[in-house]
file model-v5.cif (mmCIF, C-alpha atoms)
data_protein
loop_
_atom_site.label_atom_id
_atom_site.label_comp_id
_atom_site.auth_asym_id
_atom_site.auth_seq_id
_atom_site.Cartn_x
_atom_site.Cartn_y
_atom_site.Cartn_z
CA MET A 61 101.37 -11.28 -5.42
CA LEU A 62 104.00 -13.98 -5.90
CA LEU A 63 104.72 -15.68 -2.56
CA ILE A 64 107.82 -17.88 -2.29
CA ALA A 65 108.09 -20.29 0.64
CA GLY A 66 111.47 -21.77 1.50
CA THR A 67 114.41 -21.90 3.86
CA VAL A 68 117.87 -20.40 4.32
CA PRO A 69 120.78 -22.37 5.80
CA ASP A 70 121.01 -20.47 9.08
CA GLU A 71 119.35 -21.97 12.15
CA ALA A 72 119.10 -18.59 13.90
CA PHE A 73 117.21 -16.97 11.02
CA PRO A 74 113.66 -16.22 12.20
CA LEU A 75 110.46 -16.58 10.20
CA ILE A 76 110.25 -13.56 7.93
CA VAL A 77 107.49 -12.64 5.51
CA GLU A 78 108.67 -9.67 3.46
CA PRO A 79 108.97 -8.45 -0.12
CA VAL A 80 112.53 -8.85 -1.41
CA ARG A 81 114.99 -6.38 -2.94
CA ILE A 82 118.24 -7.13 -4.71
CA THR A 83 121.13 -5.12 -3.33
CA ALA A 84 124.88 -5.15 -3.95
CA ARG A 85 125.28 -7.13 -0.71
CA GLY A 86 122.66 -9.76 -1.47
CA LEU A 87 118.94 -10.27 -1.19
CA ALA A 88 117.32 -7.81 1.23
CA LEU A 89 114.33 -8.87 3.32
CA GLY A 90 113.46 -5.88 5.46
CA GLU A 91 116.62 -5.20 7.48
CA ARG A 92 118.21 -8.56 6.77
CA ILE A 93 120.53 -9.46 3.92
CA VAL A 94 120.68 -13.03 2.62
CA ASP A 95 123.42 -14.43 0.41
CA ILE A 96 122.18 -15.22 -3.11
CA ALA A 97 124.25 -18.36 -3.43
CA ARG A 98 121.71 -21.03 -4.22
CA GLY A 99 118.43 -22.46 -2.98
CA THR A 100 115.42 -20.31 -2.13
CA PRO A 101 117.36 -16.99 -2.11
CA ALA A 102 118.49 -17.77 -5.69
CA LEU A 103 114.91 -18.54 -6.70
CA ALA A 104 113.65 -15.32 -5.09
CA ALA A 105 116.46 -13.26 -6.66
CA ALA A 106 115.70 -14.60 -10.14
CA ALA A 107 112.00 -13.87 -9.62
CA ALA A 108 112.82 -10.35 -8.41
CA GLN A 109 115.00 -9.71 -11.48
CA ALA A 110 112.17 -10.92 -13.71
CA ALA A 111 109.61 -8.79 -11.88
CA SER A 112 111.72 -5.69 -12.45
CA VAL A 113 111.94 -6.44 -16.19
CA LEU A 114 108.18 -7.07 -16.38
CA GLY A 115 107.23 -4.04 -14.30
CA ASP A 116 105.63 -6.14 -11.59
CA PRO A 117 105.97 -5.83 -7.82
CA PRO A 118 108.80 -7.86 -6.31
CA PRO A 119 108.03 -11.28 -4.87
CA THR A 120 107.33 -11.74 -1.19
CA VAL A 121 109.15 -14.52 0.62
CA CYS A 122 108.05 -16.59 3.59
CA MET A 123 111.46 -17.69 4.80
CA ALA A 124 112.96 -19.28 7.90
CA GLY A 125 116.30 -20.78 8.87
CA ASP A 126 116.72 -24.53 8.53
CA ILE A 127 119.86 -26.64 8.12
CA GLY A 128 118.00 -29.90 7.64
CA ARG A 129 116.56 -30.48 11.10
CA GLY A 130 113.12 -29.29 10.06
CA GLN A 131 112.40 -26.58 12.65
CA GLY A 132 112.41 -23.69 10.19
CA SER A 133 110.34 -25.66 7.70
CA ARG A 134 107.75 -26.38 10.38
CA ARG A 135 107.53 -22.67 11.22
CA ILE A 136 106.81 -22.01 7.54
CA TYR A 137 104.24 -24.81 7.34
CA ASP A 138 102.49 -23.43 10.42
CA TYR A 139 102.54 -19.85 9.16
CA LEU A 140 101.11 -20.81 5.78
CA ALA A 141 98.44 -23.05 7.30
CA GLN A 142 97.24 -20.17 9.47
CA ASN A 143 97.70 -17.14 7.22
CA LEU A 144 97.37 -18.08 3.55
CA ASN A 145 93.85 -16.80 3.21
CA ASP A 146 94.90 -13.35 4.48
CA VAL A 147 98.13 -13.17 2.48
CA ALA A 148 96.16 -14.21 -0.63
CA PRO A 149 98.94 -14.74 -3.19
CA SER A 150 98.04 -15.21 -6.86
CA VAL A 151 101.04 -17.48 -7.40
CA LEU A 152 102.55 -19.58 -4.63
CA ALA A 153 105.93 -21.27 -5.09
CA PHE A 154 107.09 -23.87 -2.58
CA HIS A 155 110.77 -24.68 -2.47
CA TYR A 156 113.46 -25.92 -0.04
CA LEU A 157 111.30 -27.28 2.75
CA GLN A 158 111.73 -30.40 4.82
CA PRO A 159 109.56 -32.97 3.02
CA GLU A 160 107.05 -33.88 5.70
CA VAL A 161 103.68 -35.36 4.87
CA ASP A 162 101.85 -33.77 7.81
CA GLY A 163 103.18 -30.28 7.13
CA HIS A 164 102.41 -30.58 3.45
CA LEU A 165 98.84 -31.71 4.02
CA LYS A 166 98.24 -28.92 6.52
CA VAL A 167 99.31 -26.31 3.96
CA LEU A 168 97.39 -27.92 1.12
CA LEU A 169 94.25 -27.88 3.23
CA ALA A 170 94.75 -24.16 3.84
CA VAL A 171 95.11 -23.63 0.08
CA GLN A 172 91.90 -25.52 -0.57
CA GLU A 173 90.09 -23.28 1.89
CA MET A 174 91.26 -20.02 0.26
CA GLN A 175 88.61 -17.87 -1.34
CA ARG A 176 90.64 -17.65 -4.52
CA ARG A 177 92.98 -20.53 -5.21
CA PRO A 178 96.49 -19.41 -6.31
CA LEU A 179 98.54 -21.09 -9.00
CA LEU A 180 100.71 -23.60 -7.18
CA ILE A 181 104.32 -24.35 -8.07
CA ALA A 182 106.27 -27.02 -6.20
CA ASP A 183 110.00 -27.61 -6.48
CA ALA A 184 112.66 -29.25 -4.31
CA GLY A 185 111.63 -30.73 -0.94
CA PHE A 186 108.05 -29.57 -1.09
CA MET A 187 107.61 -31.31 -4.44
CA TYR A 188 108.88 -34.50 -2.78
CA ALA A 189 106.30 -34.08 -0.02
CA ALA A 190 103.52 -33.41 -2.54
CA LYS A 191 104.32 -36.62 -4.39
CA MET A 192 104.81 -38.66 -1.23
CA SER A 193 101.43 -37.46 0.04
CA GLY A 194 99.69 -38.62 -3.12
CA GLN A 195 98.53 -35.06 -3.82
CA ALA A 196 100.64 -34.16 -6.86
CA LYS A 197 97.56 -33.54 -8.98
CA GLU A 198 96.63 -30.58 -6.78
CA TYR A 199 99.58 -28.61 -8.18
CA ASP A 200 99.83 -26.56 -11.35
CA LEU A 201 103.54 -26.91 -12.02
CA PHE A 202 106.34 -29.19 -10.86
CA THR A 203 109.88 -28.28 -11.90
CA PRO A 204 112.03 -31.43 -11.49
CA ASP A 205 115.40 -32.17 -13.03
CA ALA A 206 115.89 -35.52 -14.74
CA GLY A 207 116.83 -37.32 -11.50
CA GLU A 208 113.77 -35.94 -9.72
CA LEU A 209 111.59 -36.89 -12.68
CA ALA A 210 112.74 -40.48 -12.21
CA PHE A 211 111.58 -40.19 -8.60
CA LEU A 212 108.16 -38.89 -9.74
CA ALA A 213 108.00 -41.78 -12.22
CA ASP A 214 108.75 -44.36 -9.53
CA GLU A 215 105.41 -44.92 -7.86
CA GLU A 216 107.07 -46.66 -4.90
CA ALA A 217 109.81 -44.15 -4.01
CA PRO A 218 108.98 -41.78 -1.12
CA HIS A 219 112.15 -39.71 -1.76
CA PRO A 220 114.62 -39.48 -4.69
CA PHE A 221 117.10 -41.37 -2.49
CA TYR A 222 115.01 -44.51 -3.01
CA THR A 223 114.37 -44.23 -6.74
CA ARG A 224 114.77 -47.69 -8.15
CA GLY A 225 117.80 -48.16 -10.39
CA PHE A 226 115.92 -49.50 -13.37
CA ILE A 227 114.13 -46.15 -13.58
CA LEU A 228 116.92 -43.83 -12.49
CA HIS A 229 119.59 -45.41 -14.67
CA GLY A 230 117.41 -47.25 -17.15
CA GLU A 231 116.79 -46.61 -20.79
CA ALA A 232 113.50 -44.76 -20.31
CA SER A 233 113.40 -41.43 -22.11
CA VAL A 234 112.19 -38.24 -20.43
CA PRO A 235 108.80 -38.43 -22.23
CA GLU A 236 108.40 -42.04 -21.07
CA MET A 237 109.17 -41.09 -17.48
CA MET A 238 106.76 -38.16 -17.65
CA GLU A 239 104.07 -40.50 -18.98
CA ARG A 240 104.77 -42.92 -16.13
CA ALA A 241 104.61 -40.09 -13.56
CA TYR A 242 101.22 -38.99 -14.91
CA ARG A 243 99.95 -42.58 -15.02
CA GLY A 244 100.84 -43.00 -11.35
CA GLY A 245 99.15 -39.73 -10.39
CA ASN A 246 102.53 -38.31 -9.35
CA ALA A 247 102.80 -35.25 -11.58
CA ALA A 248 101.35 -31.75 -11.46
CA ARG A 249 99.07 -30.32 -14.15
CA TYR A 250 102.22 -29.22 -15.99
CA LEU A 251 105.79 -30.47 -15.77
CA LEU A 252 108.89 -28.42 -16.52
CA VAL A 253 111.78 -30.89 -16.67
CA LYS A 254 115.17 -29.20 -16.51
CA GLY A 255 118.10 -30.87 -18.26
CA ALA A 256 120.32 -31.03 -21.35
CA THR A 257 116.99 -30.74 -23.14
CA ASP A 258 114.24 -28.96 -21.22
CA TYR A 259 110.72 -30.34 -21.54
CA VAL A 260 107.38 -28.68 -20.87
CA ALA A 261 104.51 -31.13 -20.82
CA ASN A 262 101.07 -31.91 -19.54
CA ARG A 263 99.24 -35.20 -19.15
CA ARG A 264 98.40 -35.41 -22.84
CA SER A 265 101.67 -34.50 -24.56
CA VAL A 266 105.03 -32.78 -24.65
CA LEU A 267 104.25 -29.14 -25.42
CA HIS A 268 107.75 -27.69 -25.80
CA THR A 269 111.35 -28.87 -25.87
CA LEU A 270 114.41 -26.67 -25.77
CA SER A 271 118.07 -27.62 -26.23
CA GLU A 272 119.66 -24.35 -27.32
CA PRO A 273 121.67 -22.43 -26.43
CA ASN A 274 123.46 -25.44 -25.04
CA CYS A 275 125.44 -24.88 -21.84
CA ALA A 276 126.34 -28.29 -20.41
CA ALA A 277 128.10 -26.74 -17.41
CA MET A 278 124.77 -25.48 -16.03
CA GLU A 279 123.95 -28.96 -14.71
CA ALA A 280 126.87 -28.76 -12.31
CA ILE A 281 126.05 -25.30 -10.95
CA GLY A 282 124.04 -25.32 -7.75
CA GLY A 283 121.00 -23.05 -8.05
CA THR A 284 120.45 -23.08 -11.81
CA GLY A 285 117.24 -25.06 -11.40
CA ASP A 286 116.13 -22.58 -8.76
CA ILE A 287 116.65 -19.76 -11.27
CA VAL A 288 114.39 -21.46 -13.82
CA THR A 289 111.65 -21.94 -11.23
CA GLY A 290 111.93 -18.33 -10.05
CA LEU A 291 111.67 -16.99 -13.59
CA ALA A 292 108.69 -19.23 -14.36
CA ALA A 293 106.91 -18.10 -11.19
CA ALA A 294 107.40 -14.40 -12.03
CA LEU A 295 106.18 -14.95 -15.59
CA MET A 296 103.09 -16.78 -14.33
CA LEU A 297 102.32 -13.85 -12.02
CA HIS A 298 102.67 -11.54 -15.02
CA GLY A 299 99.92 -13.47 -16.76
CA LEU A 300 101.68 -15.80 -19.19
CA ASP A 301 99.99 -19.15 -19.37
CA ILE A 302 101.96 -21.91 -17.66
CA PRO A 303 103.50 -23.56 -20.76
CA LYS A 304 104.63 -20.18 -22.14
CA ALA A 305 105.99 -19.11 -18.77
CA ALA A 306 107.88 -22.39 -18.42
CA LEU A 307 109.35 -22.22 -21.92
CA THR A 308 110.39 -18.59 -21.50
CA ALA A 309 112.02 -19.38 -18.16
CA CYS A 310 114.01 -22.22 -19.72
CA LEU A 311 115.23 -20.07 -22.59
CA ALA A 312 116.06 -17.10 -20.36
CA SER A 313 118.03 -19.34 -18.00
CA ARG A 314 120.02 -20.83 -20.87
CA LEU A 315 120.73 -17.35 -22.25
CA ALA A 316 121.81 -16.11 -18.83
CA GLY A 317 124.25 -19.04 -18.62
CA LYS A 318 125.55 -18.17 -22.07
CA PHE A 319 125.92 -14.46 -21.26
CA ALA A 320 127.74 -15.39 -18.04
CA GLU A 321 130.02 -17.75 -20.00
CA ALA A 322 129.24 -20.33 -17.35
CA THR A 323 131.71 -23.07 -16.42
CA PRO A 324 131.18 -25.90 -13.93
CA ALA A 325 132.82 -23.64 -11.34
CA SER A 326 130.44 -20.70 -11.88
CA GLN A 327 128.00 -19.79 -9.10
CA ALA A 328 124.27 -19.13 -9.36
CA ALA A 329 124.74 -15.45 -8.50
CA ASP A 330 126.94 -15.09 -11.62
CA ILE A 331 124.04 -16.33 -13.75
CA ILE A 332 121.33 -14.29 -11.97
CA GLU A 333 123.27 -11.11 -12.72
CA HIS A 334 122.53 -11.71 -16.40
CA ALA A 335 118.89 -12.68 -15.90
CA PRO A 336 117.33 -9.31 -16.84
CA LYS A 337 119.05 -9.11 -20.24
CA ALA A 338 118.44 -12.83 -20.80
CA LEU A 339 114.74 -12.50 -20.03
CA GLU A 340 114.33 -9.50 -22.33
CA THR A 341 116.09 -11.44 -25.11
CA ALA A 342 113.98 -14.55 -24.53
CA LEU A 343 110.72 -12.58 -24.60
CA LYS A 344 111.71 -10.88 -27.86
CA GLN A 345 112.76 -14.19 -29.39
CA LEU A 346 109.64 -16.13 -28.38
CA PHE A 347 107.04 -13.35 -28.71
CA PRO A 348 108.40 -10.92 -31.32
CA MET B 227 113.76 -61.25 6.37
CA ALA B 228 112.81 -62.74 9.74
CA ASP B 229 116.38 -62.75 10.98
CA ARG B 230 116.66 -58.99 10.63
CA GLY B 231 115.29 -56.16 12.68
CA LEU B 232 114.93 -52.46 12.06
CA LEU B 233 115.68 -49.49 14.28
CA VAL B 234 113.57 -46.36 13.97
CA PHE B 235 114.95 -43.00 15.06
CA GLU B 236 113.65 -39.50 15.62
CA ASN B 237 115.43 -38.08 12.57
CA THR B 238 118.01 -38.85 9.91
CA SER B 239 120.84 -37.18 11.88
CA GLU B 240 120.36 -39.75 14.61
CA VAL B 241 120.35 -42.56 12.05
CA ILE B 242 123.68 -41.34 10.72
CA ARG B 243 125.17 -41.11 14.22
CA ALA B 244 123.87 -44.55 15.16
CA GLU B 245 125.14 -46.10 11.94
CA ASP B 246 128.60 -44.60 12.51
CA ARG B 247 128.66 -45.94 16.07
CA LEU B 248 127.44 -49.42 15.19
CA LYS B 249 129.81 -49.80 12.26
CA ALA B 250 132.69 -48.63 14.44
CA CYS B 251 131.77 -51.42 16.86
CA GLY B 252 131.83 -53.98 14.06
CA PHE B 253 128.10 -54.66 13.69
CA GLN B 254 126.81 -55.63 10.23
CA VAL B 255 124.18 -52.94 9.80
CA LYS B 256 122.70 -51.22 6.76
CA VAL B 257 120.53 -48.15 6.21
CA MET B 258 117.30 -48.68 4.29
CA GLY B 259 113.96 -47.02 3.65
CA PRO B 260 111.26 -47.57 6.27
CA PRO B 261 108.18 -49.66 5.53
CA PRO B 262 105.13 -47.59 4.50
CA GLU B 263 103.35 -48.00 7.85
CA ILE B 264 105.99 -46.00 9.74
CA ARG B 265 107.04 -43.59 6.98
CA THR B 266 106.68 -39.94 7.97
CA GLY B 267 108.79 -38.04 5.49
CA CYS B 268 112.52 -37.82 5.08
CA ASP B 269 113.32 -41.15 6.75
CA LEU B 270 115.92 -43.86 7.02
CA VAL B 271 115.99 -46.92 9.27
CA ILE B 272 118.88 -49.16 10.32
CA VAL B 273 118.58 -52.83 9.54
CA PHE B 274 120.48 -55.15 11.87
CA PRO B 275 120.85 -58.88 12.65
CA LEU B 276 118.10 -59.61 15.20
CA ILE B 277 120.32 -61.91 17.14
CA GLU B 278 122.50 -58.90 18.04
CA GLU B 279 119.57 -56.79 19.27
CA LEU B 280 120.48 -56.54 22.94
CA ASN B 281 124.12 -55.70 22.25
CA ILE B 282 123.15 -53.11 19.68
CA LEU B 283 120.61 -51.41 21.93
CA ARG B 284 123.18 -51.26 24.73
CA VAL B 285 125.79 -49.66 22.46
CA LEU B 286 123.27 -47.10 21.23
CA GLU B 287 122.12 -46.26 24.74
CA GLN B 288 125.73 -45.68 25.80
CA ALA B 289 126.20 -43.43 22.75
CA GLY B 290 123.06 -41.45 23.60
CA VAL B 291 121.23 -42.35 20.40
CA SER B 292 118.60 -44.84 21.51
CA PRO B 293 116.03 -45.67 18.82
CA LEU B 294 112.35 -44.83 19.15
CA GLN B 295 111.44 -48.36 18.17
CA SER B 296 113.02 -51.72 17.39
CA ALA B 297 111.04 -54.30 15.41
CA PRO B 298 111.55 -57.36 13.21
CA VAL B 299 111.57 -56.67 9.47
CA ALA B 300 108.15 -57.86 8.30
CA SER B 301 107.96 -56.53 4.75
CA PRO B 302 110.34 -55.61 1.94
CA LEU B 303 112.27 -52.41 2.57
CA LEU B 304 113.31 -49.79 0.06
CA ALA B 305 116.97 -49.84 -0.87
CA PRO B 306 118.95 -46.61 -1.23
CA VAL B 307 120.48 -45.79 -4.60
CA ASP B 308 123.73 -47.57 -5.24
CA LEU B 309 124.61 -46.47 -8.76
CA PHE B 310 126.46 -43.34 -9.77
CA ALA B 311 126.58 -41.23 -12.90
CA THR B 312 129.83 -39.46 -13.72
CA THR B 313 130.23 -36.53 -16.12
CA ASP B 314 133.69 -35.41 -17.23
CA PHE B 315 133.73 -31.72 -18.21
CA GLY B 316 137.46 -31.73 -18.96
CA ASP B 317 138.87 -29.68 -16.10
CA HIS B 318 136.01 -30.67 -13.81
CA LEU B 319 134.42 -33.94 -12.77
CA MET B 320 130.82 -34.31 -11.59
CA VAL B 321 129.35 -37.32 -9.79
CA ARG B 322 125.63 -37.80 -9.23
CA ALA B 323 124.03 -40.10 -6.67
CA ALA B 324 120.23 -40.07 -6.79
CA ASN B 325 119.30 -36.37 -6.88
CA MET B 326 122.63 -35.00 -5.59
CA LYS B 327 125.62 -33.85 -7.62
CA ILE B 328 129.11 -32.82 -6.56
CA THR B 329 131.65 -31.25 -8.91
CA VAL B 330 135.39 -30.85 -8.34
CA ASP B 331 138.27 -29.22 -10.14
CA LYS B 332 140.37 -32.20 -11.18
CA SER B 333 143.77 -30.59 -10.74
CA SER B 334 143.23 -29.00 -7.31
CA ARG B 335 140.57 -31.48 -6.04
CA ARG B 336 138.64 -28.39 -4.94
CA ILE B 337 134.84 -28.68 -4.69
CA VAL B 338 133.46 -26.05 -7.05
CA ASN B 339 129.76 -26.86 -6.89
CA ILE B 340 127.11 -28.93 -5.16
CA SER B 341 123.78 -29.09 -6.90
CA GLY B 342 120.49 -30.95 -6.95
CA GLY B 343 118.55 -32.05 -3.92
CA GLY B 344 115.58 -30.51 -2.19
CA CYS B 345 115.98 -30.91 1.56
CA PRO B 346 117.06 -27.86 3.60
CA ASP B 347 120.48 -29.22 4.51
CA VAL B 348 121.57 -29.09 0.85
CA PRO B 349 122.21 -25.32 0.78
CA TYR B 350 123.90 -25.67 4.18
CA LEU B 351 126.17 -28.48 3.02
CA ALA B 352 126.92 -26.61 -0.21
CA ARG B 353 127.93 -23.53 1.76
CA GLU B 354 130.18 -25.52 4.12
CA MET B 355 131.85 -27.64 1.41
CA THR B 356 132.14 -25.48 -1.72
CA GLY B 357 135.52 -23.86 -2.22
CA LYS B 358 137.33 -26.45 -0.07
CA THR B 359 139.42 -29.35 -1.30
CA LEU B 360 138.18 -32.91 -0.84
CA ASP B 361 140.70 -33.24 2.01
CA GLU B 362 139.64 -30.04 3.78
CA ALA B 363 135.87 -30.23 3.35
CA PRO B 364 133.71 -31.74 6.08
CA SER B 365 132.01 -34.94 4.97
CA PRO B 366 128.27 -34.61 4.30
CA ARG B 367 127.51 -37.26 6.91
CA SER B 368 129.14 -35.13 9.61
CA LEU B 369 126.81 -32.17 8.93
CA GLY B 370 123.85 -33.52 6.96
CA SER B 371 120.49 -34.39 8.44
CA THR B 372 118.35 -35.69 5.58
CA LEU B 373 118.20 -38.22 2.79
CA CYS B 374 119.59 -35.59 0.41
CA GLY B 375 122.54 -35.21 2.78
CA TYR B 376 122.96 -38.97 2.81
CA ALA B 377 122.82 -39.10 -1.01
CA LEU B 378 125.47 -36.37 -1.14
CA GLN B 379 127.64 -38.50 1.14
CA LEU B 380 127.47 -41.33 -1.39
CA ALA B 381 128.37 -38.97 -4.25
CA TYR B 382 131.18 -37.51 -2.14
CA GLU B 383 132.64 -40.95 -1.37
CA GLU B 384 132.51 -41.85 -5.05
CA ILE B 385 134.22 -38.65 -6.21
CA VAL B 386 136.90 -39.09 -3.52
CA ARG B 387 137.45 -42.60 -4.87
CA GLN B 388 137.63 -41.39 -8.47
CA CYS B 389 139.99 -38.50 -7.60
CA SER B 390 142.39 -40.50 -5.45
#

call {"tool": "encode", "arguments": {"input": "model-v5.cif", "output": "C-alpha cells"}}
result
Amino acid sequence: MLLIAGTVPDEAFPLIVEPVRITARGLALGERIVDIARGTPALAAAAAQAASVLGDPPPTVCMAGDIGRGQGSRRIYDYLAQNLNDVAPSVLAFHYLQPEVDGHLKVLLAVQEMQRRPLLIADAGFMYAAKMSGQAKEYDLFTPDAGELAFLADEEAPHPFYTRGFILHGEASVPEMMERAYRGGNAARYLLVKGATDYVANRRSVLHTLSEPNCAAMEAIGGTGDIVTGLAAALMLHGLDIPKAALTACLASRLAGKFAEATPASQAADIIEHAPKALETALKQLFP
Amino acid sequence: MADRGLLVFENTSEVIRAEDRLKACGFQVKVMGPPPEIRTGCDLVIVFPLIEELNILRVLEQAGVSPLQSAPVASPLLAPVDLFATTDFGDHLMVRAANMKITVDKSSRRIVNISGGGCPDVPYLAREMTGKTLDEAPSPRSLGSTLCGYALQLAYEEIVRQCS
C-alpha cells in the first residue's frame, strides 16, 4: 500500500485515513470531496492516476485539516506514531505537514519499530523537519526544488526561510549543492531535484538528468512538484527502483505539462488531467 | 549583540501580530531566526533594543500577544532571506523569496499562481489569494502562520513593488 500523509487547508477537516478516488468533483475520501488544487490532494491525485495506469490499488491518505497552526499536522503525527505498524504501508510519502522536530522524531521512531520498514519519501514541510532533526539519512527519497536543495545544502539553516544568500543565490551548481547536502548528512538516500533541469542522484553521483520537454511555465504553477512526487511514489509502489521511478515521474510530469499546453496561469488540476497519457508515454519512451 | 534582546512567542502567527503592533508603535524591531537552544520547528523571534524592554512588554500585553520569554541576545541569530529572484514570462511575472514563489498577470495584476513552500498555510494562502488582483488579495501576513507564509509576504511585497 502507498500511504500519503499530509494536510488540507480547512481547519474543520477531521483526521481521515481512506483510499482515494478521483471524481468529477475532486478527490473523494470516503464521503468527503477535496479540491485537487495543489498540495497533498494534488500529490494524491497524481498518485491515484498513476495507480490506475499501472493497475495498482489507489493510494490511501492520512489527511487532516491545517491552515498553518499545526493542529491537523499534530493529529497526523499522533496517528502515525500509534498506528503505522498496523497500517503497514510499503511506501510512505510525507508531505505538507507542520515542520516540528518532536512530531517528526515520534513518527520516525514508529517507522523504525515496524516489522517491515517501508520506503520513505519526504517532501515539503516534513522534509524540512527531517533535515532539521538531523535524520535525513533515514529517508529513501527527498524531492526538493532548487530553492529547497539550497536549504538542504546549508548545514545551518533550520528552514528554507533562513538559507544563507551565498548558497541560495550563489554560483553553486545543482550537483555542487547536492554534494554539499550529502556531505552535511542532510540528504536522503536518493535526491530528485525538480527544476529547469531535473536531477536524480545519490551520494556517489548524478544518475539521471532531464531537461526535455522543456516547459518553463511549470515552475510558476503551484502543485507541479507535488505531481512529480505523487507519480514517483506510485511508481515505487509498483516496483520500479527509486532512480527509475524518479526519472519516469519527471518525464511524465513534463509531458503532462506539454499535453496541457501549460502557461504560468495554468492550475495543477489541468496538468493532472493529462497524467495518465503522460505516464503511459513516459513508460514507453524510457522502457520500450 | 548585548544591547539587543529577543522575544519568543508560542507560534509564528503571534510573532507576526507582535511585529505589526510594535512597528506601528514606532519600535525598531526585526524578525530573526531563534538560537539553536530554543529552536522547536517553524520559528521566528523578534529582536528589539533591550533598553526599550519594559515599554515593549507593556505594549504587547495591552495587545494580548505577550511573549513566552524575553532574553538578551547571547549568540548570533539566523537572518531571514533578503534577496529575490524574478522571472519574466512575458505576460506573467514571478518573484521568488526563499522557497516561495508568486506569479501575476502583468496587465491585470491578478495573482495566477502561488507555488513552492512546504508548511500547511501555503495551500491555504494560495487558495485565498489566487485569482485576486494584488489590490484585492489579502496579504500573506494577515493570514499566514509559518515561515513559508512569512517568505510569501516578502515575495508579495516585492511583486507589488515591481508591479506598481

call {"tool": "resolve_selection", "arguments": {"input": "model-v5.cif", "expression": "the PyMOL selection byres ((chain B) within 9 of (chain A))", "output": "JSON, numbers by chain"}}
result
{"B": [237, 238, 239, 258, 259, 262, 265, 266, 267, 268, 269, 304, 305, 306, 307, 308, 309, 310, 311, 315, 317, 318, 319, 320, 323, 324, 325, 326, 327, 328, 329, 330, 331, 337, 338, 339, 340, 341, 342, 343, 344, 345, 346, 347, 348, 349, 350, 351, 352, 353, 369, 370, 371, 372, 373, 374, 375, 376, 377]}

call {"tool": "write_last_selection", "arguments": {"input": "model-v5.cif", "atoms": "C-alpha atoms", "output": "compact mmCIF listing (two decimals), keeping the file's coordinate frame"}}
result
# COMPACT_ATOMS: atom_id res chain seq x y z
CA ASN B 237 115.43 -38.08 12.57
CA THR B 238 118.01 -38.85 9.91
CA SER B 239 120.84 -37.18 11.88
CA MET B 258 117.30 -48.68 4.29
CA GLY B 259 113.96 -47.02 3.65
CA PRO B 262 105.13 -47.59 4.50
CA ARG B 265 107.04 -43.59 6.98
CA THR B 266 106.68 -39.94 7.97
CA GLY B 267 108.79 -38.04 5.49
CA CYS B 268 112.52 -37.82 5.08
CA ASP B 269 113.32 -41.15 6.75
CA LEU B 304 113.31 -49.79 0.06
CA ALA B 305 116.97 -49.84 -0.87
CA PRO B 306 118.95 -46.61 -1.23
CA VAL B 307 120.48 -45.79 -4.60
CA ASP B 308 123.73 -47.57 -5.24
CA LEU B 309 124.61 -46.47 -8.76
CA PHE B 310 126.46 -43.34 -9.77
CA ALA B 311 126.58 -41.23 -12.90
CA PHE B 315 133.73 -31.72 -18.21
CA ASP B 317 138.87 -29.68 -16.10
CA HIS B 318 136.01 -30.67 -13.81
CA LEU B 319 134.42 -33.94 -12.77
CA MET B 320 130.82 -34.31 -11.59
CA ALA B 323 124.03 -40.10 -6.67
CA ALA B 324 120.23 -40.07 -6.79
CA ASN B 325 119.30 -36.37 -6.88
CA MET B 326 122.63 -35.00 -5.59
CA LYS B 327 125.62 -33.85 -7.62
CA ILE B 328 129.11 -32.82 -6.56
CA THR B 329 131.65 -31.25 -8.91
CA VAL B 330 135.39 -30.85 -8.34
CA ASP B 331 138.27 -29.22 -10.14
CA ILE B 337 134.84 -28.68 -4.69
CA VAL B 338 133.46 -26.05 -7.05
CA ASN B 339 129.76 -26.86 -6.89
CA ILE B 340 127.11 -28.93 -5.16
CA SER B 341 123.78 -29.09 -6.90
CA GLY B 342 120.49 -30.95 -6.95
CA GLY B 343 118.55 -32.05 -3.92
CA GLY B 344 115.58 -30.51 -2.19
CA CYS B 345 115.98 -30.91 1.56
CA PRO B 346 117.06 -27.86 3.60
CA ASP B 347 120.48 -29.22 4.51
CA VAL B 348 121.57 -29.09 0.85
CA PRO B 349 122.21 -25.32 0.78
CA TYR B 350 123.90 -25.67 4.18
CA LEU B 351 126.17 -28.48 3.02
CA ALA B 352 126.92 -26.61 -0.21
CA ARG B 353 127.93 -23.53 1.76
CA LEU B 369 126.81 -32.17 8.93
CA GLY B 370 123.85 -33.52 6.96
CA SER B 371 120.49 -34.39 8.44
CA THR B 372 118.35 -35.69 5.58
CA LEU B 373 118.20 -38.22 2.79
CA CYS B 374 119.59 -35.59 0.41
CA GLY B 375 122.54 -35.21 2.78
CA TYR B 376 122.96 -38.97 2.81
CA ALA B 377 122.82 -39.10 -1.01

call {"tool": "residues_around", "arguments": {"input": "model-v5.cif", "residues": "Leu233 (chain B)", "least_positions_apart": "5", "cutoff": "7 Å", "atoms": "all atoms listed in the file", "output": "VMD selection string"}}
result
chain B and resid 271 to 273 293 295 to 297

call {"tool": "residues_around", "arguments": {"input": "model-v5.cif", "residues": "Val299 (chain B)", "least_positions_apart": "2", "cutoff": "6 Å", "atoms": "all atoms listed in the file", "output": "ChimeraX atom specification"}}
result
/B:227,230-232,301

call {"tool": "atom_distance", "arguments": {"input": "model-v5.cif", "atom1": "CA of Pro119 (chain A)", "atom2": "CA of Ala322 (chain A)"}}
result
26.2 Å

call {"tool": "residues_near_point", "arguments": {"input": "model-v5.cif", "point": "(110.4, -17.8, -2.2)", "cutoff": "12 Å", "atoms": "all atoms listed in the file", "output": "MDAnalysis selection string"}}
result
chainID A and resid 61:68 76:80 87 89 98:108 118:124 136 149 151:157 181:184 286:287 289:291 293:294

call {"tool": "atom_distance", "arguments": {"input": "model-v5.cif", "atom1": "CA of Arg264 (chain A)", "atom2": "CA of Gly244 (chain A)"}}
result
14.0 Å

call {"tool": "resolve_selection", "arguments": {"input": "model-v5.cif", "expression": "the PyMOL selection byres ((chain A and resi 234) around 9)", "output": "list in words"}}
result
Ala206, Leu209, Ala210, Ala232, Ser233, Pro235, Glu236, Met237, Met238, Glu239, Val253 and Tyr259 of chain A

call {"tool": "resolve_selection", "arguments": {"input": "model-v5.cif", "expression": "the PyMOL selection byres ((chain B and resi 254) around 9)", "output": "ChimeraX atom specification"}}
result
/B:248-249,252-253,255-256,273-275

call {"tool": "closest_residue", "arguments": {"input": "model-v5.cif", "among": "B:Leu286, B:Ala244, B:Leu360, B:Val386", "to": "Ser334 (chain B)", "atoms": "only C-alpha atoms"}}
result
B:Leu360
